[in-house]
$ cat final12.cif   # mmCIF, C-alpha atoms and all ligand atoms
data_input
loop_
_atom_site.label_atom_id
_atom_site.label_comp_id
_atom_site.auth_asym_id
_atom_site.auth_seq_id
_atom_site.Cartn_x
_atom_site.Cartn_y
_atom_site.Cartn_z
CA MET T 1 13.99 -137.63 74.24
CA HIS T 2 12.07 -140.79 73.48
CA ILE T 3 13.58 -143.97 72.16
CA SER T 4 11.51 -143.54 69.00
CA ASP T 5 12.97 -140.12 68.16
CA HIS T 6 15.21 -140.08 65.11
CA ILE T 7 17.57 -137.32 64.09
CA SER T 8 18.84 -136.71 60.58
CA ILE T 9 21.47 -134.37 59.15
CA ALA T 10 19.88 -131.93 56.73
CA PRO T 11 21.31 -131.50 53.27
CA LEU T 12 23.37 -128.30 53.14
CA GLN T 13 24.81 -127.76 49.68
CA SER T 14 28.61 -127.26 49.85
CA PHE T 15 28.71 -128.14 53.57
CA THR T 16 27.34 -131.58 54.36
CA ASP T 17 29.02 -133.46 51.52
CA PHE T 18 30.47 -136.94 52.02
CA ARG T 19 33.74 -135.56 53.41
CA PHE T 20 31.89 -133.66 56.11
CA ARG T 21 29.66 -136.66 56.82
CA LYS T 22 32.65 -139.00 57.09
CA ALA T 23 34.50 -136.71 59.50
CA PHE T 24 31.31 -136.14 61.48
CA PHE T 25 30.81 -139.83 62.17
CA GLN T 26 34.44 -140.27 63.11
CA PHE T 27 33.94 -137.96 66.10
CA PHE T 28 30.23 -137.53 66.79
CA GLY T 29 27.04 -139.52 66.97
CA GLY T 30 23.36 -139.23 67.69
CA VAL T 31 22.39 -139.11 64.04
CA ASP T 32 20.30 -141.86 62.42
CA LYS T 33 20.28 -140.70 58.83
CA CYS T 34 21.97 -138.25 56.46
CA TYR T 35 20.47 -136.48 53.50
CA ALA T 36 22.82 -135.65 50.65
CA PRO T 37 22.66 -132.16 49.14
CA TYR T 38 20.47 -132.12 46.03
CA ILE T 39 21.36 -133.48 42.62
CA LYS T 40 20.26 -131.23 39.78
CA LEU T 41 20.76 -132.07 36.11
CA THR T 42 22.99 -129.78 34.08
CA ASN T 43 21.67 -128.12 30.91
CA GLN T 44 23.11 -131.14 29.06
CA LYS T 45 20.94 -133.39 31.27
CA GLU T 46 23.91 -134.80 33.07
CA ILE T 47 24.69 -135.31 36.72
CA LYS T 48 27.85 -133.47 37.74
CA LYS T 49 30.77 -135.71 38.72
CA ALA T 50 30.95 -134.26 42.24
CA GLN T 51 27.26 -134.98 42.79
CA GLN T 52 27.67 -138.53 41.51
CA LYS T 53 30.60 -139.06 43.82
CA ASP T 54 28.81 -137.71 46.86
CA ILE T 55 26.37 -140.60 47.04
CA LEU T 56 28.60 -143.50 45.97
CA ILE T 57 28.22 -146.28 48.51
CA GLU T 58 32.00 -146.49 48.99
CA ASN T 59 32.10 -142.81 49.94
CA ASN T 60 29.46 -143.32 52.59
CA PRO T 61 30.84 -146.26 54.54
CA ILE T 62 29.61 -145.46 58.03
CA MET T 63 26.19 -143.97 57.62
CA PRO T 64 23.81 -144.68 54.77
CA VAL T 65 22.74 -141.58 52.95
CA MET T 66 19.45 -140.52 51.41
CA PRO T 67 20.02 -139.06 47.96
CA GLN T 68 18.08 -135.93 47.07
CA LEU T 69 17.11 -134.45 43.72
CA MET T 70 15.71 -131.17 42.55
CA VAL T 71 13.80 -131.46 39.26
CA ASN T 72 10.60 -130.13 37.69
CA SER T 73 9.70 -132.84 35.18
CA ALA T 74 9.00 -136.56 35.25
CA ASP T 75 11.70 -137.19 32.62
CA ASP T 76 14.39 -135.49 34.72
CA PHE T 77 13.12 -137.27 37.80
CA LEU T 78 13.44 -140.64 36.09
CA MET T 79 16.98 -139.90 34.89
CA VAL T 80 18.21 -139.14 38.38
CA ALA T 81 16.11 -141.89 39.98
CA ASN T 82 17.59 -144.46 37.57
CA TYR T 83 21.12 -143.38 38.45
CA VAL T 84 20.37 -143.55 42.15
CA GLN T 85 18.77 -146.99 41.79
CA SER T 86 21.75 -148.23 39.78
CA LEU T 87 23.90 -147.52 42.85
CA GLY T 88 21.62 -149.64 45.03
CA TYR T 89 19.34 -147.06 46.64
CA ASP T 90 15.62 -147.79 46.80
CA GLU T 91 14.46 -144.34 47.91
CA ILE T 92 15.01 -140.74 46.96
CA ASN T 93 14.07 -137.39 48.46
CA TRP T 94 12.68 -134.57 46.34
CA ASN T 95 13.67 -131.01 47.19
CA MET T 96 10.66 -128.69 47.01
CA GLY T 97 12.16 -126.21 49.39
CA CYS T 98 15.08 -124.42 47.76
CA PRO T 99 14.04 -120.76 48.11
CA TYR T 100 16.31 -118.88 45.74
CA PRO T 101 14.52 -116.90 42.99
CA MET T 102 16.89 -118.22 40.27
CA VAL T 103 15.71 -121.72 41.17
CA ALA T 104 12.11 -120.95 42.06
CA LYS T 105 11.30 -119.03 38.90
CA ARG T 106 12.18 -122.13 36.88
CA ASN T 107 9.57 -124.08 38.84
CA LEU T 108 12.21 -125.86 40.84
CA GLY T 109 12.45 -126.21 44.61
CA ALA T 110 9.97 -124.01 46.45
CA GLY T 111 8.88 -122.59 43.09
CA MET T 112 6.48 -125.55 42.76
CA LEU T 113 4.64 -124.96 46.00
CA ASN T 114 2.04 -122.51 44.71
CA ASP T 115 0.97 -124.98 42.03
CA PRO T 116 -0.60 -127.96 43.80
CA ASP T 117 -2.23 -129.15 40.55
CA GLY T 118 1.20 -129.21 38.90
CA ILE T 119 2.58 -131.24 41.81
CA ASP T 120 -0.39 -133.61 41.47
CA ARG T 121 0.27 -134.17 37.74
CA LEU T 122 3.98 -134.76 38.33
CA LEU T 123 3.43 -137.21 41.17
CA ASP T 124 0.82 -139.09 39.18
CA ASP T 125 3.25 -139.41 36.26
CA ILE T 126 6.19 -140.41 38.44
CA PHE T 127 4.34 -143.00 40.50
CA SER T 128 3.07 -144.63 37.30
CA LYS T 129 6.57 -144.82 35.77
CA SER T 130 8.97 -145.50 38.66
CA ASN T 131 9.05 -147.91 41.55
CA ILE T 132 11.53 -145.89 43.61
CA LYS T 133 10.26 -144.91 47.07
CA LEU T 134 9.76 -141.19 47.34
CA GLY T 135 10.05 -138.76 50.25
CA LEU T 136 9.66 -134.98 50.02
CA LYS T 137 11.32 -132.05 51.70
CA MET T 138 9.60 -128.70 51.44
CA ARG T 139 9.04 -125.25 52.76
CA MET T 140 5.50 -124.34 53.77
CA GLY T 141 5.07 -122.23 50.67
CA TYR T 142 6.73 -119.74 48.38
CA GLU T 143 4.92 -116.53 49.38
CA SER T 144 3.19 -117.65 52.57
CA THR T 145 2.94 -120.67 54.87
CA GLU T 146 -0.74 -121.04 53.89
CA GLU T 147 0.24 -122.58 50.56
CA ILE T 148 1.12 -125.90 52.18
CA LEU T 149 -2.52 -126.34 53.24
CA LYS T 150 -3.40 -126.87 49.57
CA VAL T 151 -0.37 -129.08 48.88
CA ILE T 152 -0.85 -131.61 51.68
CA PRO T 153 -4.26 -132.91 50.43
CA VAL T 154 -2.53 -133.66 47.09
CA LEU T 155 0.30 -135.51 48.82
CA ASN T 156 -2.23 -137.49 50.85
CA LYS T 157 -3.27 -139.26 47.61
CA TYR T 158 0.16 -140.83 47.13
CA PRO T 159 2.28 -143.37 49.06
CA ILE T 160 4.95 -140.80 49.95
CA THR T 161 7.31 -142.20 52.57
CA GLU T 162 7.88 -138.98 54.52
CA LEU T 163 7.32 -135.27 54.35
CA ILE T 164 10.08 -133.15 55.84
CA ILE T 165 8.81 -129.66 56.51
CA HIS T 166 11.11 -126.68 56.93
CA ALA T 167 8.66 -124.52 58.83
CA ARG T 168 9.09 -121.30 56.85
CA PHE T 169 7.98 -119.96 53.49
CA ALA T 170 10.61 -119.48 50.81
CA LYS T 171 10.66 -115.69 50.55
CA GLN T 172 11.72 -115.58 54.20
CA LEU T 173 14.96 -117.33 53.24
CA TYR T 174 16.51 -118.20 56.62
CA LYS T 175 15.83 -115.34 58.99
CA PRO T 176 12.28 -114.71 60.26
CA SER T 177 11.15 -117.22 62.83
CA VAL T 178 9.60 -120.59 61.99
CA ASP T 179 5.79 -120.89 61.92
CA LEU T 180 5.00 -123.52 64.54
CA ASN T 181 1.26 -122.89 64.47
CA ARG T 182 1.20 -123.78 60.80
CA PHE T 183 3.28 -126.89 61.45
CA GLU T 184 0.68 -127.94 64.00
CA GLU T 185 -2.01 -127.55 61.34
CA CYS T 186 0.06 -129.68 58.97
CA ILE T 187 0.15 -132.47 61.57
CA SER T 188 -3.62 -132.47 61.74
CA ILE T 189 -4.15 -132.81 57.96
CA SER T 190 -1.18 -134.86 56.73
CA LYS T 191 -1.48 -138.60 56.17
CA THR T 192 2.22 -138.73 55.28
CA PRO T 193 4.56 -139.16 58.27
CA LEU T 194 6.08 -135.77 59.07
CA THR T 195 9.60 -134.72 59.98
CA TYR T 196 10.16 -131.37 61.65
CA ASN T 197 12.95 -129.11 60.35
CA GLY T 198 14.00 -125.55 61.11
CA ASP T 199 16.02 -123.69 63.76
CA LEU T 200 16.56 -126.66 66.03
CA ASN T 201 19.84 -125.43 67.51
CA THR T 202 19.98 -126.52 71.14
CA VAL T 203 18.85 -129.29 73.48
CA GLU T 204 16.37 -126.81 74.94
CA ASP T 205 14.93 -126.17 71.45
CA PHE T 206 14.44 -129.90 71.07
CA ARG T 207 12.74 -130.27 74.44
CA ALA T 208 10.34 -127.42 73.67
CA LEU T 209 9.53 -128.77 70.20
CA LYS T 210 8.99 -132.28 71.50
CA GLU T 211 6.67 -131.00 74.19
CA ARG T 212 4.69 -129.04 71.65
CA PHE T 213 4.64 -131.82 69.02
CA PRO T 214 4.68 -135.09 70.99
CA THR T 215 3.52 -137.16 67.99
CA ILE T 216 6.53 -136.11 65.89
CA ASN T 217 9.39 -138.61 66.08
CA ASN T 218 11.57 -137.46 63.20
CA TRP T 219 13.73 -134.37 63.44
CA MET T 220 16.07 -132.93 60.85
CA ILE T 221 18.88 -130.57 61.84
CA GLY T 222 21.09 -128.61 59.47
CA ARG T 223 22.95 -125.52 60.57
CA GLY T 224 22.62 -126.46 64.23
CA LEU T 225 24.75 -129.55 63.67
CA VAL T 226 27.42 -127.72 61.72
CA LYS T 227 27.59 -125.06 64.43
CA ASP T 228 27.61 -127.64 67.17
CA PRO T 229 28.23 -131.24 66.05
CA PHE T 230 27.71 -132.50 69.63
CA LEU T 231 24.05 -131.50 69.49
CA ALA T 232 22.45 -134.71 68.20
CA GLN T 233 24.14 -136.94 70.78
CA MET T 234 23.28 -134.51 73.56
CA ILE T 235 19.63 -134.55 72.47
CA LYS T 236 19.72 -138.34 72.50
CA ASP T 237 21.34 -138.36 75.96
CA ASP T 238 18.92 -135.66 77.12
CA THR T 239 21.74 -133.60 78.55
CA THR T 240 23.05 -130.06 78.21
CA GLU T 241 26.49 -131.14 79.48
CA TYR T 242 29.28 -131.33 76.91
CA PRO T 243 32.00 -133.95 77.20
CA GLU T 244 35.00 -132.73 79.22
CA ASP T 245 37.26 -132.85 76.18
CA ARG T 246 34.75 -130.97 74.01
CA TRP T 247 37.26 -128.63 72.40
CA GLU T 248 39.92 -131.29 71.86
CA ILE T 249 37.33 -133.35 69.99
CA PHE T 250 36.15 -130.34 68.03
CA LYS T 251 39.74 -129.54 67.06
CA LYS T 252 40.39 -133.10 65.88
CA PHE T 253 37.20 -132.99 63.83
CA HIS T 254 38.21 -129.64 62.38
CA ASP T 255 41.67 -130.90 61.46
CA GLU T 256 40.31 -134.06 59.86
CA LEU T 257 37.95 -132.03 57.69
CA TYR T 258 40.72 -129.58 56.79
CA GLU T 259 43.17 -132.36 55.85
CA ASP T 260 40.58 -134.13 53.74
CA TYR T 261 39.73 -130.99 51.76
CA ALA T 262 43.42 -130.10 51.47
CA SER T 263 44.03 -133.50 49.87
CA VAL T 264 41.53 -132.86 47.06
CA LEU T 265 41.13 -129.12 46.55
CA HIS T 266 43.49 -127.23 44.29
CA GLY T 267 45.68 -124.92 46.27
CA ASP T 268 45.70 -123.20 49.64
CA HIS T 269 43.32 -120.50 48.53
CA GLN T 270 40.52 -122.99 47.89
CA VAL T 271 41.15 -124.79 51.17
CA ARG T 272 41.01 -121.53 53.07
CA LEU T 273 37.75 -120.49 51.39
CA LYS T 274 36.19 -123.87 52.05
CA MET T 275 37.12 -123.80 55.72
CA LEU T 276 36.11 -120.15 56.01
CA GLY T 277 32.60 -121.26 55.03
CA PHE T 278 32.59 -123.76 57.87
CA TRP T 279 33.95 -121.22 60.32
CA GLU T 280 30.96 -119.00 59.76
CA TYR T 281 29.07 -121.77 61.56
CA PHE T 282 31.81 -123.19 63.81
CA SER T 283 32.54 -119.80 65.34
CA GLU T 284 28.99 -119.65 66.67
CA SER T 285 29.76 -122.27 69.27
CA PHE T 286 32.84 -120.40 70.43
CA THR T 287 32.43 -118.19 73.48
CA ASN T 288 33.26 -115.03 71.59
CA SER T 289 31.71 -115.91 68.23
CA HIS T 290 32.12 -112.54 66.59
CA LYS T 291 35.80 -112.19 67.45
CA SER T 292 36.56 -115.81 66.56
CA PHE T 293 35.06 -115.43 63.12
CA LYS T 294 36.69 -112.04 62.55
CA ARG T 295 40.08 -113.56 63.33
CA ILE T 296 39.53 -116.24 60.69
CA LYS T 297 38.11 -113.84 58.12
CA LYS T 298 41.06 -111.49 58.49
CA ALA T 299 43.55 -114.24 57.61
CA LYS T 300 44.37 -113.73 53.96
CA ASN T 301 46.70 -116.67 53.39
CA ILE T 302 46.81 -120.23 54.66
CA TYR T 303 49.59 -119.55 57.20
CA ALA T 304 47.63 -116.74 58.79
CA PHE T 305 44.55 -118.92 58.62
CA ASP T 306 46.24 -121.81 60.46
CA GLN T 307 47.44 -119.38 63.08
CA ALA T 308 43.97 -117.91 63.53
CA VAL T 309 42.50 -121.40 63.95
CA ALA T 310 45.13 -122.32 66.54
CA GLU T 311 44.48 -119.06 68.37
CA ASN T 312 40.72 -119.63 68.44
CA PHE T 313 41.12 -123.08 69.94
CA ASP T 314 43.83 -121.95 72.38
CA ILE T 315 41.66 -119.12 73.67
CA GLN T 316 38.64 -121.39 73.96
CA MET T 317 40.58 -124.12 75.77
CA SER T 318 42.07 -121.65 78.23
CA LEU T 319 38.67 -120.38 79.39
C1 LIG T 401 24.01 -123.36 52.93
C2 LIG T 401 22.72 -124.13 52.86
C3 LIG T 401 22.55 -125.12 51.88
C4 LIG T 401 21.37 -125.86 51.79
N1 LIG T 401 21.25 -126.87 50.85
C5 LIG T 401 20.11 -127.61 50.80
C6 LIG T 401 19.97 -128.72 49.89
O1 LIG T 401 20.88 -129.07 49.13
N2 LIG T 401 18.80 -129.41 49.91
C7 LIG T 401 17.77 -129.08 50.77
O2 LIG T 401 16.73 -129.75 50.77
N3 LIG T 401 17.89 -128.07 51.64
C8 LIG T 401 19.02 -127.35 51.70
N4 LIG T 401 19.14 -126.35 52.63
C9 LIG T 401 18.08 -126.20 53.65
C10 LIG T 401 18.40 -127.07 54.88
O3 LIG T 401 18.41 -128.43 54.55
C11 LIG T 401 17.37 -126.86 56.01
O4 LIG T 401 16.10 -127.15 55.53
C12 LIG T 401 17.40 -125.44 56.56
O5 LIG T 401 18.71 -125.00 56.76
C13 LIG T 401 16.60 -125.34 57.88
O6 LIG T 401 17.11 -126.23 58.84
P1 LIG T 401 18.16 -125.76 59.99
O7 LIG T 401 17.54 -124.56 60.66
O8 LIG T 401 18.26 -126.95 60.90
O9 LIG T 401 19.43 -125.42 59.31
C14 LIG T 401 20.30 -125.60 52.71
C15 LIG T 401 20.47 -124.61 53.68
C16 LIG T 401 21.65 -123.87 53.77
C17 LIG T 401 21.78 -122.83 54.85
#

$ encode --input "final12.cif" --output "structure tokens"
Amino acid sequence: MHISDHISIAPLQSFTDFRFRKAFFQFFGGVDKCYAPYIKLTNQKEIKKAQQKDILIENNPIMPVMPQLMVNSADDFLMVANYVQSLGYDEINWNMGCPYPMVAKRNLGAGMLNDPDGIDRLLDDIFSKSNIKLGLKMRMGYESTEEILKVIPVLNKYPITELIIHARFAKQLYKPSVDLNRFEECISISKTPLTYNGDLNTVEDFRALKERFPTINNWMIGRGLVKDPFLAQMIKDDTTEYPEDRWEIFKKFHDELYEDYASVLHGDHQVRLKMLGFWEYFSESFTNSHKSFKRIKKAKNIYAFDQAVAENFDIQMSL
């Protein structure tokens, strides 16, 4: 860990919203920046209320957030950029990484990556019409990681603030391993400052990545921080030791998140489903991940759910 290393929370749609971010900073640290999950216009060219709310300054009191959009035209870009600027932001991040076919086939997200000329035209249009600062987040391609080698020379022509690279191609979704050789190639050709993203889940992962890419100072972590919210601070402290009251802190964080969702979601069923989503990740830092998650999944009402949560923490704390 070097003093110049910065860690950001990745945008994870339906996980890292402002309620998660607020609870996170109440109990954990080590993060320098947060990226909000993407804003996408509806068919009526509107921004959904929940997406508007997510980036309001008053909902992000502790840690400033970087808004993100996912669009495929200059007009849509300007609509979202104007909204974001009206709130006081001077920069936005563009999602060119979302891998899902429903998105990609409409030329959104990673669907743009095999058309570098299209990206060039869009950037040219946007930079001539807007003064908002622009960063990008992308996969290395849609069908293969080679695609990014044709995209980077286009990006080099523009004053893009940062390029966050999730080191996979889109069709891989989230499973096959990241392509570090290709990331190394990106470093050698990119004039835009790079941020590394993808499968950074432990302090050891960080140490290995930093050793391999010593010139990279910006690191984005998504699922790793939901699984283990202590991770960023431990990377910063260069330690693999958890605080003694690790599980007490985790439980307080869990309960804060739960209470906050319970205060806004409609009914126990929704709260349980929301928290079940988190448990898919949380359970991975429990000693017996599979059993912990199974216990939660089996709970079919909120009382059983609360009991399963208590049991998971009790078992963990008694080890
Ligand atoms: C459930 C989920 C939702 C995601 N939502 C977004 C999003 O809104 N915007 C975005 O740029 N990436 C999104 N991603 C991708 C992550 O930001 C990140 O690039 C990816 O998970 C790899 O990083 P990680 O291995 O640290 O999680 C999402 C990923 C997941 C698993």

$ closest_residue --input "final12.cif" --among "T:Leu69, T:Ile62, T:Leu134, T:Ala81" --to "ligand LIG 401 (chain T)" --atoms "only C-alpha atoms and all ligand atoms"
T:Leu69

$ closest_atom_pairs --input "final12.cif" --of "chain T" --to "ligand LIG 401 (chain T)" --cutoff "6 Å" --atoms "only C-alpha atoms and all ligand atoms" --output "tab-separated table"
residue	atom	partner	partner_atom	distance
T:Ala10	CA	T:LIG401	O3	4.4
T:Pro11	CA	T:LIG401	O3	4.4
T:Leu12	CA	T:LIG401	C4	3.4
T:Gln13	CA	T:LIG401	N1	3.9
T:Pro37	CA	T:LIG401	O1	3.6
T:Tyr38	CA	T:LIG401	O1	4.4
T:Asn95	CA	T:LIG401	O2	4.9
T:Gly97	CA	T:LIG401	O2	5.9
T:Lys137	CA	T:LIG401	O2	6.0
T:His166	CA	T:LIG401	O4	5.2
T:Asn197	CA	T:LIG401	O6	5.3
T:Gly198	CA	T:LIG401	O7	3.7
T:Asp199	CA	T:LIG401	O7	3.6
T:Leu200	CA	T:LIG401	O8	5.4
T:Ile221	CA	T:LIG401	O8	3.8
T:Gly222	CA	T:LIG401	O8	3.6
T:Arg223	CA	T:LIG401	O9	3.7
T:Gly224	CA	T:LIG401	O8	5.5

$ atom_distance --input "final12.cif" --atom1 "atom CA of T:Gly141" --atom2 "atom CA of T:Ala167"
9.2 Å

$ residues_near_point --input "final12.cif" --point "(31.3, -125.1, 71.8)" --cutoff "12 Å" --atoms "all atoms listed in the file" --output "MDAnalysis selection string"
chainID T and resid 202 224:231 240:251 281:289 292 312:313 316:317 319

$ write_last_selection --input "final12.cif" --atoms "C-alpha atoms" --output "CSV table (one decimal), in the frame of the given file"
chain,number,residue,atom,x,y,z
T,202,THR,CA,20.0,-126.5,71.1
T,224,GLY,CA,22.6,-126.5,64.2
T,225,LEU,CA,24.8,-129.6,63.7
T,226,VAL,CA,27.4,-127.7,61.7
T,227,LYS,CA,27.6,-125.1,64.4
T,228,ASP,CA,27.6,-127.6,67.2
T,229,PRO,CA,28.2,-131.2,66.0
T,230,PHE,CA,27.7,-132.5,69.6
T,231,LEU,CA,24.0,-131.5,69.5
T,240,THR,CA,23.0,-130.1,78.2
T,241,GLU,CA,26.5,-131.1,79.5
T,242,TYR,CA,29.3,-131.3,76.9
T,243,PRO,CA,32.0,-134.0,77.2
T,244,GLU,CA,35.0,-132.7,79.2
T,245,ASP,CA,37.3,-132.8,76.2
T,246,ARG,CA,34.8,-131.0,74.0
T,247,TRP,CA,37.3,-128.6,72.4
T,248,GLU,CA,39.9,-131.3,71.9
T,249,ILE,CA,37.3,-133.4,70.0
T,250,PHE,CA,36.2,-130.3,68.0
T,251,LYS,CA,39.7,-129.5,67.1
T,281,TYR,CA,29.1,-121.8,61.6
T,282,PHE,CA,31.8,-123.2,63.8
T,283,SER,CA,32.5,-119.8,65.3
T,284,GLU,CA,29.0,-119.6,66.7
T,285,SER,CA,29.8,-122.3,69.3
T,286,PHE,CA,32.8,-120.4,70.4
T,287,THR,CA,32.4,-118.2,73.5
T,288,ASN,CA,33.3,-115.0,71.6
T,289,SER,CA,31.7,-115.9,68.2
T,292,SER,CA,36.6,-115.8,66.6
T,312,ASN,CA,40.7,-119.6,68.4
T,313,PHE,CA,41.1,-123.1,69.9
T,316,GLN,CA,38.6,-121.4,74.0
T,317,MET,CA,40.6,-124.1,75.8
T,319,LEU,CA,38.7,-120.4,79.4

$ residues_around --input "final12.cif" --residues "T:Lys252" --least-positions-apart "6" --cutoff "12 Å" --atoms "all atoms listed in the file" --output "PyMOL selection string"
chain T and resi 23-24+26-28+245-246+258-259+310+313

$ residues_near_point --input "final12.cif" --point "(7.5, -124.2, 56.0)" --cutoff "9 Å" --atoms "all atoms listed in the file" --output "PyMOL selection string"
chain T and resi 97+138-142+144-145+148+165-170+178-180+182-183+197-198

$ write_last_selection --input "final12.cif" --atoms "C-alpha atoms" --output "compact mmCIF listing (two decimals), in the coordinates of the input"
# COMPACT_ATOMS: atom_id res chain seq x y z
CA GLY T 97 12.16 -126.21 49.39
CA MET T 138 9.60 -128.70 51.44
CA ARG T 139 9.04 -125.25 52.76
CA MET T 140 5.50 -124.34 53.77
CA GLY T 141 5.07 -122.23 50.67
CA TYR T 142 6.73 -119.74 48.38
CA SER T 144 3.19 -117.65 52.57
CA THR T 145 2.94 -120.67 54.87
CA ILE T 148 1.12 -125.90 52.18
CA ILE T 165 8.81 -129.66 56.51
CA HIS T 166 11.11 -126.68 56.93
CA ALA T 167 8.66 -124.52 58.83
CA ARG T 168 9.09 -121.30 56.85
CA PHE T 169 7.98 -119.96 53.49
CA ALA T 170 10.61 -119.48 50.81
CA VAL T 178 9.60 -120.59 61.99
CA ASP T 179 5.79 -120.89 61.92
CA LEU T 180 5.00 -123.52 64.54
CA ARG T 182 1.20 -123.78 60.80
CA PHE T 183 3.28 -126.89 61.45
CA ASN T 197 12.95 -129.11 60.35
CA GLY T 198 14.00 -125.55 61.11

$ closest_residue --input "final12.cif" --among "T:Ser8, T:Asn217, T:Ser263, T:Gln270" --to "T:Met63" --atoms "all atoms listed in the file"
T:Ser8

$ closest_residue --input "final12.cif" --among "T:Phe25, T:Lys294, T:Met79, T:Tyr100" --to "T:Pro64" --atoms "only C-alpha atoms"
T:Phe25
